[in-house]
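> Structure in structure tokens, see below.
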Amino acid sequence: MGPGTERFEDGLLGWQEQEPEAQCGDLLLRDRLGNWTYQFAVTVDDERHGVDLVVRGADLLGSTGRQIRVAGLLGRTEPPVFLHHPLLFQAAGQKLSKASHDTGLHELRAGGARAAEVLGEAAFRAGLLPDPKPVPAAALGGLFG
């Protein structure tokens, strides 16, 4: 991967610096079964689909410098903007996840929650709003300014 620092401004956490080579050395592109690895696949997918904003959990902050580096090696001149939000945890301290069959958007909507309520709660938990309140999808972009 080569030495060097990747510097980027996270939309919530501010300026970050990471040294991909020091974090992991060379990056695997395929696993032992021949499948594309996460780091490579998401980088290519984001570029292919013109993704310019990536919102994800803070547990993936450490991957950002590697993905920016890989994107640059593949010719991307401007990386997406990244925003890493705090994770949500169960009462027992485990992070909420689909893999653990925790309540997801489908269940919230089936339970009567309106889309604007779910978006507002997510924006509040991500630190974009001081209090939870309904936010229409069209207004979400204004929360990142």
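We name chains A, B, ... following the order of the structure tokens; residues begin at 1 in each chain, and ligands are numbered from 1 as shown.
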Neighbours of Arg69 (chain A) within 9 Å (only C-alpha atoms; same-chain residues fewer than 5 positions away dropped), as a list in words?
Met1, Glu6, Pro20, Thr64 and Leu74 of chain A
> Take the residues from that selection and write them out as a short mmCIF file (atom, residue, chain, number, x, y, z; two decimals), in the first residue's frame, keeping all heavy atoms.

```
data_model
loop_
_atom_site.label_atom_id
_atom_site.label_comp_id
_atom_site.auth_asym_id
_atom_site.auth_seq_id
_atom_site.Cartn_x
_atom_site.Cartn_y
_atom_site.Cartn_z
N MET A 1 0.82 -1.18 0.00
CA MET A 1 0.00 0.00 0.00
C MET A 1 0.87 1.25 0.00
O MET A 1 0.46 2.27 -0.51
CB MET A 1 -0.94 -0.03 1.20
CG MET A 1 -1.92 1.09 1.17
SD MET A 1 -3.40 0.83 2.10
CE MET A 1 -4.46 0.11 0.90
N GLU A 6 -3.53 9.63 5.08
CA GLU A 6 -4.79 10.06 4.46
C GLU A 6 -5.47 10.97 5.47
O GLU A 6 -5.71 10.58 6.61
CB GLU A 6 -5.68 8.87 4.11
CG GLU A 6 -5.11 7.95 3.06
CD GLU A 6 -4.92 8.62 1.71
OE1 GLU A 6 -5.60 9.62 1.42
OE2 GLU A 6 -4.08 8.12 0.95
N PRO A 20 -2.84 4.16 6.38
CA PRO A 20 -3.29 2.82 6.00
C PRO A 20 -2.21 1.75 6.07
O PRO A 20 -2.47 0.65 6.54
CB PRO A 20 -3.80 3.01 4.57
CG PRO A 20 -4.21 4.44 4.52
CD PRO A 20 -3.22 5.16 5.39
N THR A 64 -11.78 4.09 6.78
CA THR A 64 -11.93 5.22 5.87
C THR A 64 -10.64 5.56 5.12
O THR A 64 -10.64 5.73 3.90
CB THR A 64 -12.48 6.45 6.62
OG1 THR A 64 -13.65 6.04 7.32
CG2 THR A 64 -12.80 7.57 5.67
N LEU A 74 -7.17 3.63 -7.65
CA LEU A 74 -8.03 3.23 -8.78
C LEU A 74 -8.41 4.43 -9.66
O LEU A 74 -9.16 4.27 -10.61
CB LEU A 74 -9.30 2.55 -8.25
CG LEU A 74 -9.07 1.20 -7.56
CD1 LEU A 74 -10.36 0.70 -6.93
CD2 LEU A 74 -8.50 0.18 -8.54
#
```
> So that I can check the secondary structure, give me every residue of chain A assigned helix (DSSP H, G or I) by backbone DSSP, as a PyMOL selection string.
chain A and resi 20-24+38-48+58-73+105-110+115-125+137-144
> Can you list every residue in region 9-143 of chain A that DSSP puts in strand (DSSP E or B), as a PyMOL selection string?
chain A and resi 9-10+14-18+30+36+53-57+81-85+89+95
> Could you check which of A:Arg48, A:Arg56, A:Lys133, A:His101 is closest to Leu87 (chain A), using only C-alpha atoms?
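The answer is A:Arg56, which sits nearest to Leu87 (chain A).
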> Between CA of Thr5 (chain A) and CA of Ala126 (chain A), what is the spacing in Å?
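Atom-to-atom, CA of Ala126 (chain A) to CA of Thr5 (chain A), that is 26.7 Å.
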> Which neighbours of Leu143 (chain A) fall inside 12 Å, counting only C-alpha atoms, when residues of the same chain fewer than 4 positions from it are skipped, and could you give them as a list in words?
Gly11, Leu12, Leu83, Leu119, Gly120, Ala122, Ala123, Phe124, Ala126, Gly127, Leu128, Leu129, Pro130, Val135, Pro136, Ala137, Ala138 and Ala139 of chain A
> Convert the current residue selection to file output with N, CA and C atoms, as a short mmCIF file (atom, residue, chain, number, x, y, z; two decimals), in the first residue's frame.

```
data_model
loop_
_atom_site.label_atom_id
_atom_site.label_comp_id
_atom_site.auth_asym_id
_atom_site.auth_seq_id
_atom_site.Cartn_x
_atom_site.Cartn_y
_atom_site.Cartn_z
N GLY A 11 -17.83 14.29 8.67
CA GLY A 11 -18.95 15.22 8.82
C GLY A 11 -19.41 15.42 10.24
N LEU A 12 -19.05 14.54 11.15
CA LEU A 12 -19.45 14.66 12.54
C LEU A 12 -18.25 14.75 13.48
N LEU A 83 -19.35 10.48 7.10
CA LEU A 83 -19.89 10.86 8.39
C LEU A 83 -20.06 9.57 9.19
N LEU A 119 -36.52 9.04 10.51
CA LEU A 119 -35.38 9.84 10.06
C LEU A 119 -34.94 10.85 11.12
N GLY A 120 -35.90 11.47 11.78
CA GLY A 120 -35.58 12.42 12.84
C GLY A 120 -34.88 11.77 14.02
N ALA A 122 -33.09 9.01 13.86
CA ALA A 122 -31.75 8.65 13.39
C ALA A 122 -30.84 9.87 13.36
N ALA A 123 -31.35 11.00 12.89
CA ALA A 123 -30.55 12.23 12.84
C ALA A 123 -30.16 12.68 14.24
N PHE A 124 -31.07 12.56 15.20
CA PHE A 124 -30.78 12.91 16.59
C PHE A 124 -29.67 12.00 17.13
N ALA A 126 -27.47 10.42 15.55
CA ALA A 126 -26.21 10.65 14.83
C ALA A 126 -25.57 11.98 15.22
N GLY A 127 -26.25 12.73 16.09
CA GLY A 127 -25.70 14.01 16.52
C GLY A 127 -25.99 15.16 15.59
N LEU A 128 -26.92 14.99 14.67
CA LEU A 128 -27.26 16.04 13.71
C LEU A 128 -28.36 16.95 14.20
N LEU A 129 -29.10 16.52 15.22
CA LEU A 129 -30.18 17.31 15.81
C LEU A 129 -30.00 17.32 17.33
N PRO A 130 -30.33 18.43 18.00
CA PRO A 130 -30.21 18.45 19.46
C PRO A 130 -31.30 17.64 20.16
N VAL A 135 -38.27 14.61 10.65
CA VAL A 135 -37.51 15.29 9.60
C VAL A 135 -37.88 14.65 8.27
N PRO A 136 -38.47 15.40 7.34
CA PRO A 136 -38.77 14.83 6.02
C PRO A 136 -37.47 14.52 5.27
N ALA A 137 -37.51 13.53 4.43
CA ALA A 137 -36.31 13.11 3.68
C ALA A 137 -35.69 14.27 2.92
N ALA A 138 -36.49 15.14 2.35
CA ALA A 138 -35.98 16.26 1.56
C ALA A 138 -35.17 17.23 2.42
N ALA A 139 -35.35 17.22 3.74
CA ALA A 139 -34.63 18.15 4.61
C ALA A 139 -33.34 17.56 5.17
#
```
> Find the residues near Glu17 (chain A): any atom within 12 Å, counting only C-alpha atoms, skip ones fewer than 6 places away on the same chain, and give them as number ranges by chain.
A: 4-10, 23, 61-66, 68
> Pick the closest to Asp45 (chain A) from A:Gly25, A:Gly2, A:Pro80, A:Gly57: which is it, counting only C-alpha atoms?
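Closest candidate: A:Pro80.
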> Rank nothing, just name the residue among A:Lys98, A:Arg109, A:His84, A:Arg76 nearest to Ala58 (chain A), using only C-alpha atoms.
A:His84
> Rounded to one decimal in Å, what is the spacing between CA of Pro86 (chain A) and CA of Leu13 (chain A)?
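A separation of 9.9 Å between them.
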> Between A:Glu21, A:Pro3, A:Val55, A:Ala71, which has the minimum distance to Phe40 (chain A) (counting only C-alpha atoms)?
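Smallest separation from Phe40 (chain A) among the options: A:Ala71.
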> Counting only C-alpha atoms, which residue out of A:Leu53, A:Trp36, A:Arg125, A:Glu47 sits closest to Gly141 (chain A)?
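The closest residue to Gly141 (chain A) is A:Leu53.
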> Which residue is closest to Tyr38 (chain A)? Choose from A:Ala115, A:Gln67, A:Gln18, A:Pro132 and count only C-alpha atoms.
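Checking each candidate against Tyr38 (chain A), we get A:Gln67 as the closest.
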> What is the distance, in Å and to one decimal place, between CA of Ala22 (chain A) and CA of Lys95 (chain A)?
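Taking CA of Ala22 (chain A) and CA of Lys95 (chain A), their separation equals 27.4 Å.
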